[in-house]
Structure formats: structure tokens, C-alpha cells
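Remarks on the structure that follows.
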Amino acid sequence: MRSVYLSPLLLMWLLALPRAALAFAVDIWPSGEFSGQPVRQQWPEPAAATKPLTLCALYPHLRDAYWLSVNQGMVDEAKRLGVKLQIHEAGGYGALAEQRQQLQRCMQEGSDAILLGAVSYQGLREAIKATPLPVFGLVNDLPSGLVQAKVGVSWYQMGWQIGHWLAQRHPAGSKPVSVALFPGPQASGGNNFVEPGFADAIKGSAIKLVTTERGDNSREIQRTLVQQTLARYPDLDYLVGGAIAAEVAVNELAQRHLDRPQVLSTYFSHGVQRGLRRGKILAANSDQMRLQGRLAVAQAICLLQHPDANAEQCPRVMGPPILTLSAPLADPADSLSDGAFRPVYRVE
């Protein structure tokens, strides 16, 4: 287990906090990019806002458990800090033009900052530069220097960790096994990075990647891709995909009374948690998305209230540790939204 280092300056900051304040264990990337080795640190939540502030959050969509969990984290933290929050969803990863317009809408609505869950890594560059508001990256990575700060995880590492977990089961020299990868939409979100991370992790193992099936994160499209793959590769050993692909794969296998291929998920959802509990999903990552929502709001408020704070007081690039699980989470509160939670678009 890595030890946690607290610098004298950060320790003074922590001791000056009200006793009710919380501190998060976060990974911080001093390089300013979600690459290389992060530093684990205890980061204290900022105090409640001392002036009226409105945050405008833009999501690719709110139609799956991942972004719903981010949503609840943001809503929880906005209420705790006493700030307003307004949320717009683009409608999917293909909605680049819509998200460009939403960046303008945030400004027109009188927001103080934008928290951007980007639908494209490169496609929003000019739109971000055109807005006078500070922009913070939310979950999906953006190029260095384009935003004030960002909260997320390394999606390369998300791919690598699930691939490494599988490669340890099938080292070089053991019986060869076949894998199909379902990373999600083409060139969107973290998919640009999951694929090379997974590929690097299985190099030199007994795993053969026989196909990569990309498509929008709708249940219908992912189900079609899974059905086509099962028909094309009847002897497939493993199916590795995003949460939606994993969930529909579990259902397809149950309907066909099959116990192969075994299913792994590159990210987490309520369905993946159930699959782990029932033994239908072998392993999964959680990047603690509800906590990411909380951290994103807290980071923005920290920097809006203390723009000259150093990187220890208000980290510029941070996120929660990635968990790789072979059993259900005992306490999923930092990962999943509550069962009764429904999308919230405005916090007053």
C-alpha cells in the first residue's frame, strides 16, 4: 500500500479547516495530464461558497448509470457548497454541434464557470477558446492548456487495468484464449485511450484479441454488436466491454443458456454491480464516478474562490483511484447513484 504524504503547507491548510470538513483520497497528476504515475494525496473539500456562484455542467448524455452517478455527485456537492448548478446534456457522443451551442448557452445564462463533460477530445477546441468563462474538464479528458483544471481518471489506465487483470489469469505459455473488445463509440469519451491501454496490457500473454466492436452506448446498438459477435465467434472465451455492453452480454448469454464467454466490464454501473454479485460478471473497473461529480464541483469552487491557490490547495488535475473488482462493492456510495435517484438538471 502506498503511503500518503502531506506537505507542511497542506497540513496547515487541513488543520485550519472546520472540523466538519472532509478530505478525499485523490490521485493527482503533477504533469497536468492523465498519464504517468499519479501522486496519492488527501485533499480537503473547500468550504461553502462565500458569494453567489452558478456552475453550468455539460454532459454527453444522461441515459446511463455512469452519467447519472456523476450527476448525483455534482448535485450533492453543489448543495453542500451552497452554489447553483444548471445542467445540459448534448444527446450523445455524436452531438458535437449541440455541445458547441451549449457552451454559448452557459454564458448567456449568466454562469460563472463551465464544467465540460466533452463529447470530443479535439472537436471543441475553438468553442472553448471562444468562451470568456473558465472551463473545467469533467470526466472526459481534454488537451493540455485548454481548460483551467480537470477531474477524471486515466482511461488508458482503465483499459490497462482490466487487461492486466485478465493477462495475469492467462500468462505467456498457458493455453491461448480469445477476447472480443467492446469499447463504445468510435473516437469518443475515453475510448481513444481504453483500446491502447487494453492492448498494451495483454501483450506477451496468452490472450488473442480477435475483434474490436465499436458503437454508440445505446442498449440496442450494443446488443446488436454482441449478438453479431456471438454468432461470428461461437467459441469466444471472453467479452470485455463498457458497462452497457457487459450488461446486454449477460442477458444474451442467459437467454441462450450459455456460460461462455465470460464477461468483464471496463467501467461500472448498477447492472455491473449486480452482475458481480450474481457471478455473471468476472471483473470490472470502477472509476468512482459519483465521487468524480463531487470532486468536479469542489475543484471549480476551490479555484473560483481562490484563483491564486497552489496545486496542493486546489489541485489542477485530479481524480479518484481506479478500483479493479472481482466482487461487488460493499459500499458503492462513491461509485453509484442511489436507486431512487433521477436526473437533476437544476440546483437553486
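Just so we're on the same page: first chain in the C-alpha cells is A, next is B, and so on; residues restart at 1 for each chain, and ligands are numbered from 1 in the order they show up.
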- [ ] Would you kindly return, as a PyMOL selection string, each protein, DNA or RNA residue with an atom no farther than 6 Å from any atom of A:Ile87, considering only C-alpha atoms and excluding same-chain residues fewer than 2 positions away?
- [x] chain A and resi 56-58+345
Task: Distance query stretch 336-342 of chain A at most 10 Å, only C-alpha atoms, self and fewer than 4 positions along chain excluded, as a ChimeraX atom specification - done: /A:62,65-73,268-270,273,286,288-291,329,331-332
Take the residues from that selection and write them out as a compact mmCIF listing (two decimals), in the first residue's frame, keeping N, CA and C atoms.
# COMPACT_ATOMS: atom_id res chain seq x y z
N LEU A 62 -27.45 11.73 -20.43
CA LEU A 62 -27.81 11.27 -19.08
C LEU A 62 -28.64 10.01 -19.18
N ALA A 65 -26.16 4.69 -16.33
CA ALA A 65 -25.84 4.76 -14.90
C ALA A 65 -24.57 5.56 -14.64
N TYR A 66 -23.65 5.57 -15.59
CA TYR A 66 -22.39 6.27 -15.39
C TYR A 66 -22.64 7.77 -15.17
N TRP A 67 -23.29 8.40 -16.14
CA TRP A 67 -23.50 9.84 -16.03
C TRP A 67 -24.57 10.19 -15.00
N LEU A 68 -25.49 9.28 -14.75
CA LEU A 68 -26.46 9.50 -13.67
C LEU A 68 -25.73 9.57 -12.33
N SER A 69 -24.74 8.74 -12.14
CA SER A 69 -23.97 8.75 -10.89
C SER A 69 -23.12 10.01 -10.78
N VAL A 70 -22.51 10.44 -11.88
CA VAL A 70 -21.80 11.72 -11.89
C VAL A 70 -22.77 12.84 -11.51
N ASN A 71 -23.97 12.79 -12.07
CA ASN A 71 -25.00 13.80 -11.81
C ASN A 71 -25.32 13.91 -10.32
N GLN A 72 -25.54 12.77 -9.67
CA GLN A 72 -25.87 12.84 -8.24
C GLN A 72 -24.70 13.39 -7.43
N GLY A 73 -23.48 13.01 -7.77
CA GLY A 73 -22.34 13.56 -7.06
C GLY A 73 -22.26 15.07 -7.18
N PHE A 268 -18.11 0.94 -14.54
CA PHE A 268 -19.06 0.43 -13.56
C PHE A 268 -20.47 0.93 -13.78
N SER A 269 -21.44 0.19 -13.26
CA SER A 269 -22.85 0.59 -13.28
C SER A 269 -23.59 -0.24 -12.25
N HIS A 270 -24.85 0.09 -12.03
CA HIS A 270 -25.67 -0.71 -11.14
C HIS A 270 -25.80 -2.15 -11.66
N GLN A 273 -22.62 -4.02 -10.95
CA GLN A 273 -22.59 -4.40 -9.53
C GLN A 273 -23.44 -5.66 -9.29
N SER A 286 -14.11 0.31 -11.47
CA SER A 286 -14.91 1.48 -11.10
C SER A 286 -13.97 2.67 -10.98
N GLN A 288 -15.18 5.37 -9.77
CA GLN A 288 -15.85 6.11 -8.71
C GLN A 288 -16.49 7.40 -9.24
N MET A 289 -17.45 7.21 -10.16
CA MET A 289 -17.99 8.34 -10.90
C MET A 289 -18.82 9.31 -10.06
N ARG A 290 -19.51 8.81 -9.05
CA ARG A 290 -20.24 9.74 -8.18
C ARG A 290 -19.26 10.65 -7.44
N LEU A 291 -18.15 10.08 -6.99
CA LEU A 291 -17.12 10.89 -6.35
C LEU A 291 -16.51 11.87 -7.35
N LEU A 329 -18.92 -4.19 -4.84
CA LEU A 329 -18.52 -3.20 -3.84
C LEU A 329 -19.39 -3.35 -2.60
N ASP A 331 -19.64 -1.07 -0.31
CA ASP A 331 -20.28 0.25 -0.18
C ASP A 331 -20.07 1.00 -1.49
N PRO A 332 -21.09 1.04 -2.36
CA PRO A 332 -20.92 1.67 -3.67
C PRO A 332 -21.22 3.16 -3.69
Open item on the list: Give me, as a ChimeraX atom specification, the residues of stretch 58-225 of chain A that a backbone DSSP run labels helix (DSSP H, G or I).
Closed with: /A:65-81,96-108,125-130,155-169,191-202,219-225
Open item on the list: Could you pull out the strand (DSSP E or B) residues of stretch 136-196 of chain A, going by DSSP on the backbone, and write them as a list in words?
Closed with: Phe136, Gly137, Leu138, Val139, Ala149, Lys150, Val151, Gly152, Val177, Ser178, Val179, Ala180, Leu181, Phe182, Pro183 and Gly184 of chain A
Open item on the list: Please list as a PyMOL selection string every residue within 9 Å of stretch 312-319 of chain A, counting only C-alpha atoms and excluding residues in the same chain fewer than 5 positions away.
Closed with: chain A and resi 7+9-10+13+25-34+38+41+43-44+46+139+148-154+287-288+291-292+295-296+299-300+302-303+306-307
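Here atom CA of A:Glu348 stands at a distance of 27.9 Å from atom CA of A:Tyr93.
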TODO: Using only C-alpha atoms, determine which residues lie at most 8 Å from A:Asn217, disregarding the query and same-chain residues fewer than 5 positions distant; provide the list as a list in words.
DONE: Gly184, Pro185, Gln222, Ile244 and Ala245 of chain A
Quick one: write out the picked residues with N, CA, C and O atoms as a PDB file, in the first residue's frame?
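result.pdb, written as the output of this step:
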ATOM      1  N   GLY A 184     -17.095   0.940 -26.976  1.00  0.00           N
ATOM      2  CA  GLY A 184     -18.075   2.025 -27.048  1.00  0.00           C
ATOM      3  C   GLY A 184     -17.946   2.792 -28.347  1.00  0.00           C
ATOM      4  O   GLY A 184     -17.456   2.268 -29.352  1.00  0.00           O
ATOM      5  N   PRO A 185     -18.377   4.076 -28.346  1.00  0.00           N
ATOM      6  CA  PRO A 185     -18.372   4.855 -29.584  1.00  0.00           C
ATOM      7  C   PRO A 185     -16.977   5.056 -30.165  1.00  0.00           C
ATOM      8  O   PRO A 185     -15.989   5.131 -29.433  1.00  0.00           O
ATOM      9  N   GLN A 222     -25.457  -1.808 -28.734  1.00  0.00           N
ATOM     10  CA  GLN A 222     -24.536  -2.738 -28.078  1.00  0.00           C
ATOM     11  C   GLN A 222     -25.071  -4.173 -28.132  1.00  0.00           C
ATOM     12  O   GLN A 222     -24.307  -5.124 -28.314  1.00  0.00           O
ATOM     13  N   ILE A 244     -22.539  -1.022 -20.529  1.00  0.00           N
ATOM     14  CA  ILE A 244     -23.757  -1.372 -21.279  1.00  0.00           C
ATOM     15  C   ILE A 244     -23.530  -2.642 -22.079  1.00  0.00           C
ATOM     16  O   ILE A 244     -24.384  -3.542 -22.101  1.00  0.00           O
ATOM     17  N   ALA A 245     -22.376  -2.747 -22.725  1.00  0.00           N
ATOM     18  CA  ALA A 245     -22.063  -3.982 -23.455  1.00  0.00           C
ATOM     19  C   ALA A 245     -22.038  -5.168 -22.502  1.00  0.00           C
ATOM     20  O   ALA A 245     -22.544  -6.254 -22.828  1.00  0.00           O
TER      21      ALA A 245
END
Task: Distance query A:Met74 at most 7 Å, only C-alpha atoms, self and fewer than 6 positions along chain excluded, as a ChimeraX atom specification - done: /A:293-294,297
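Counting only C-alpha atoms and comparing A:Gln42, A:Gln102, A:Gln161, A:Thr324, the residue that lies closest to A:Ala201 is A:Gln161.
If you look at atom CA of A:Glu126 and atom CA of A:Ser35, they are 24.2 Å away from each other.
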Task: Test item: residues at most 10 Å from A:Leu142, only C-alpha atoms, excluding those fewer than 4 positions along its chain, as a PyMOL selection string - done: chain A and resi 33-34+116-125+136-138+146-147+149-150+189
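Distance annotation: of A:Lys51, A:Arg256, A:His61, A:Arg274, the residue with the minimal separation from A:Ser218 is A:His61; atom set is only C-alpha atoms.
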Non-local contacts of A:Phe198 (10 Å; only C-alpha atoms; under 5 positions in same chain excluded) as a PDB file with N, CA and C atoms, in the first residue's frame:
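Below is the file part-v5.pdb, written as the result:
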ATOM      1  N   TRP A 155      -8.038   7.039 -18.781  1.00  0.00           N
ATOM      2  CA  TRP A 155      -8.795   5.980 -19.451  1.00  0.00           C
ATOM      3  C   TRP A 155      -7.866   4.978 -20.119  1.00  0.00           C
ATOM      4  N   TYR A 156      -6.636   5.372 -20.389  1.00  0.00           N
ATOM      5  CA  TYR A 156      -5.630   4.383 -20.774  1.00  0.00           C
ATOM      6  C   TYR A 156      -5.461   3.386 -19.629  1.00  0.00           C
ATOM      7  N   GLN A 157      -5.378   3.900 -18.412  1.00  0.00           N
ATOM      8  CA  GLN A 157      -5.215   3.030 -17.252  1.00  0.00           C
ATOM      9  C   GLN A 157      -6.447   2.163 -17.027  1.00  0.00           C
ATOM     10  N   MET A 158      -7.636   2.688 -17.336  1.00  0.00           N
ATOM     11  CA  MET A 158      -8.864   1.881 -17.224  1.00  0.00           C
ATOM     12  C   MET A 158      -8.758   0.658 -18.135  1.00  0.00           C
ATOM     13  N   GLY A 159      -8.301   0.873 -19.368  1.00  0.00           N
ATOM     14  CA  GLY A 159      -8.121  -0.257 -20.275  1.00  0.00           C
ATOM     15  C   GLY A 159      -7.006  -1.175 -19.823  1.00  0.00           C
ATOM     16  N   TRP A 160      -5.913  -0.567 -19.335  1.00  0.00           N
ATOM     17  CA  TRP A 160      -4.750  -1.362 -18.942  1.00  0.00           C
ATOM     18  C   TRP A 160      -5.079  -2.236 -17.733  1.00  0.00           C
ATOM     19  N   GLN A 161      -5.780  -1.684 -16.744  1.00  0.00           N
ATOM     20  CA  GLN A 161      -6.008  -2.441 -15.508  1.00  0.00           C
ATOM     21  C   GLN A 161      -6.888  -3.665 -15.744  1.00  0.00           C
ATOM     22  N   ILE A 162      -7.934  -3.539 -16.561  1.00  0.00           N
ATOM     23  CA  ILE A 162      -8.778  -4.713 -16.802  1.00  0.00           C
ATOM     24  C   ILE A 162      -8.028  -5.717 -17.681  1.00  0.00           C
ATOM     25  N   GLY A 163      -7.205  -5.196 -18.617  1.00  0.00           N
ATOM     26  CA  GLY A 163      -6.388  -6.097 -19.439  1.00  0.00           C
ATOM     27  C   GLY A 163      -5.326  -6.810 -18.617  1.00  0.00           C
ATOM     28  N   HIS A 164      -4.719  -6.091 -17.692  1.00  0.00           N
ATOM     29  CA  HIS A 164      -3.696  -6.688 -16.830  1.00  0.00           C
ATOM     30  C   HIS A 164      -4.298  -7.757 -15.928  1.00  0.00           C
ATOM     31  N   LEU A 166      -6.801  -9.628 -16.596  1.00  0.00           N
ATOM     32  CA  LEU A 166      -7.055 -10.800 -17.421  1.00  0.00           C
ATOM     33  C   LEU A 166      -5.752 -11.487 -17.819  1.00  0.00           C
ATOM     34  N   ALA A 167      -4.727 -10.693 -18.135  1.00  0.00           N
ATOM     35  CA  ALA A 167      -3.444 -11.271 -18.548  1.00  0.00           C
ATOM     36  C   ALA A 167      -2.801 -12.081 -17.426  1.00  0.00           C
ATOM     37  N   LEU A 181     -13.426  -7.164 -27.748  1.00  0.00           N
ATOM     38  CA  LEU A 181     -13.446  -5.896 -27.013  1.00  0.00           C
ATOM     39  C   LEU A 181     -14.550  -4.994 -27.558  1.00  0.00           C
ATOM     40  N   PRO A 183     -15.434  -1.297 -26.855  1.00  0.00           N
ATOM     41  CA  PRO A 183     -15.026  -0.090 -26.128  1.00  0.00           C
ATOM     42  C   PRO A 183     -16.052   1.036 -26.137  1.00  0.00           C
ATOM     43  N   PHE A 193      -8.444   5.945 -25.511  1.00  0.00           N
ATOM     44  CA  PHE A 193      -7.369   5.550 -24.611  1.00  0.00           C
ATOM     45  C   PHE A 193      -7.569   4.155 -24.033  1.00  0.00           C
ATOM     46  N   LYS A 203      -0.237  -7.680 -24.125  1.00  0.00           N
ATOM     47  CA  LYS A 203       0.942  -8.061 -24.912  1.00  0.00           C
ATOM     48  C   LYS A 203       1.778  -9.081 -24.141  1.00  0.00           C
ATOM     49  N   LEU A 209      -6.713 -10.975 -29.050  1.00  0.00           N
ATOM     50  CA  LEU A 209      -7.844 -10.087 -29.307  1.00  0.00           C
ATOM     51  C   LEU A 209      -8.339 -10.362 -30.725  1.00  0.00           C
ATOM     52  N   VAL A 240     -15.065  -8.382 -23.299  1.00  0.00           N
ATOM     53  CA  VAL A 240     -14.678  -7.242 -22.463  1.00  0.00           C
ATOM     54  C   VAL A 240     -15.285  -5.989 -23.069  1.00  0.00           C
ATOM     55  N   THR A 266     -15.190  -2.644 -18.456  1.00  0.00           N
ATOM     56  CA  THR A 266     -14.136  -1.633 -18.294  1.00  0.00           C
ATOM     57  C   THR A 266     -14.561  -0.505 -17.370  1.00  0.00           C
TER      58      THR A 266
END
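Taking atom CA of A:Gly215 as the reference point, atom CA of A:Arg278 is found at 27.0 Å.
If only C-alpha atoms are the atoms counted, then among A:Asn192, A:Gln37, A:Asn285, A:Gln186 the closest residue to A:Ala246 is A:Asn285.
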Task: Nearest residue to A:Leu115 from the set A:Ser335, A:Gln305, A:Gln86, A:Thr50 (distances using only C-alpha atoms) - done: A:Gln86
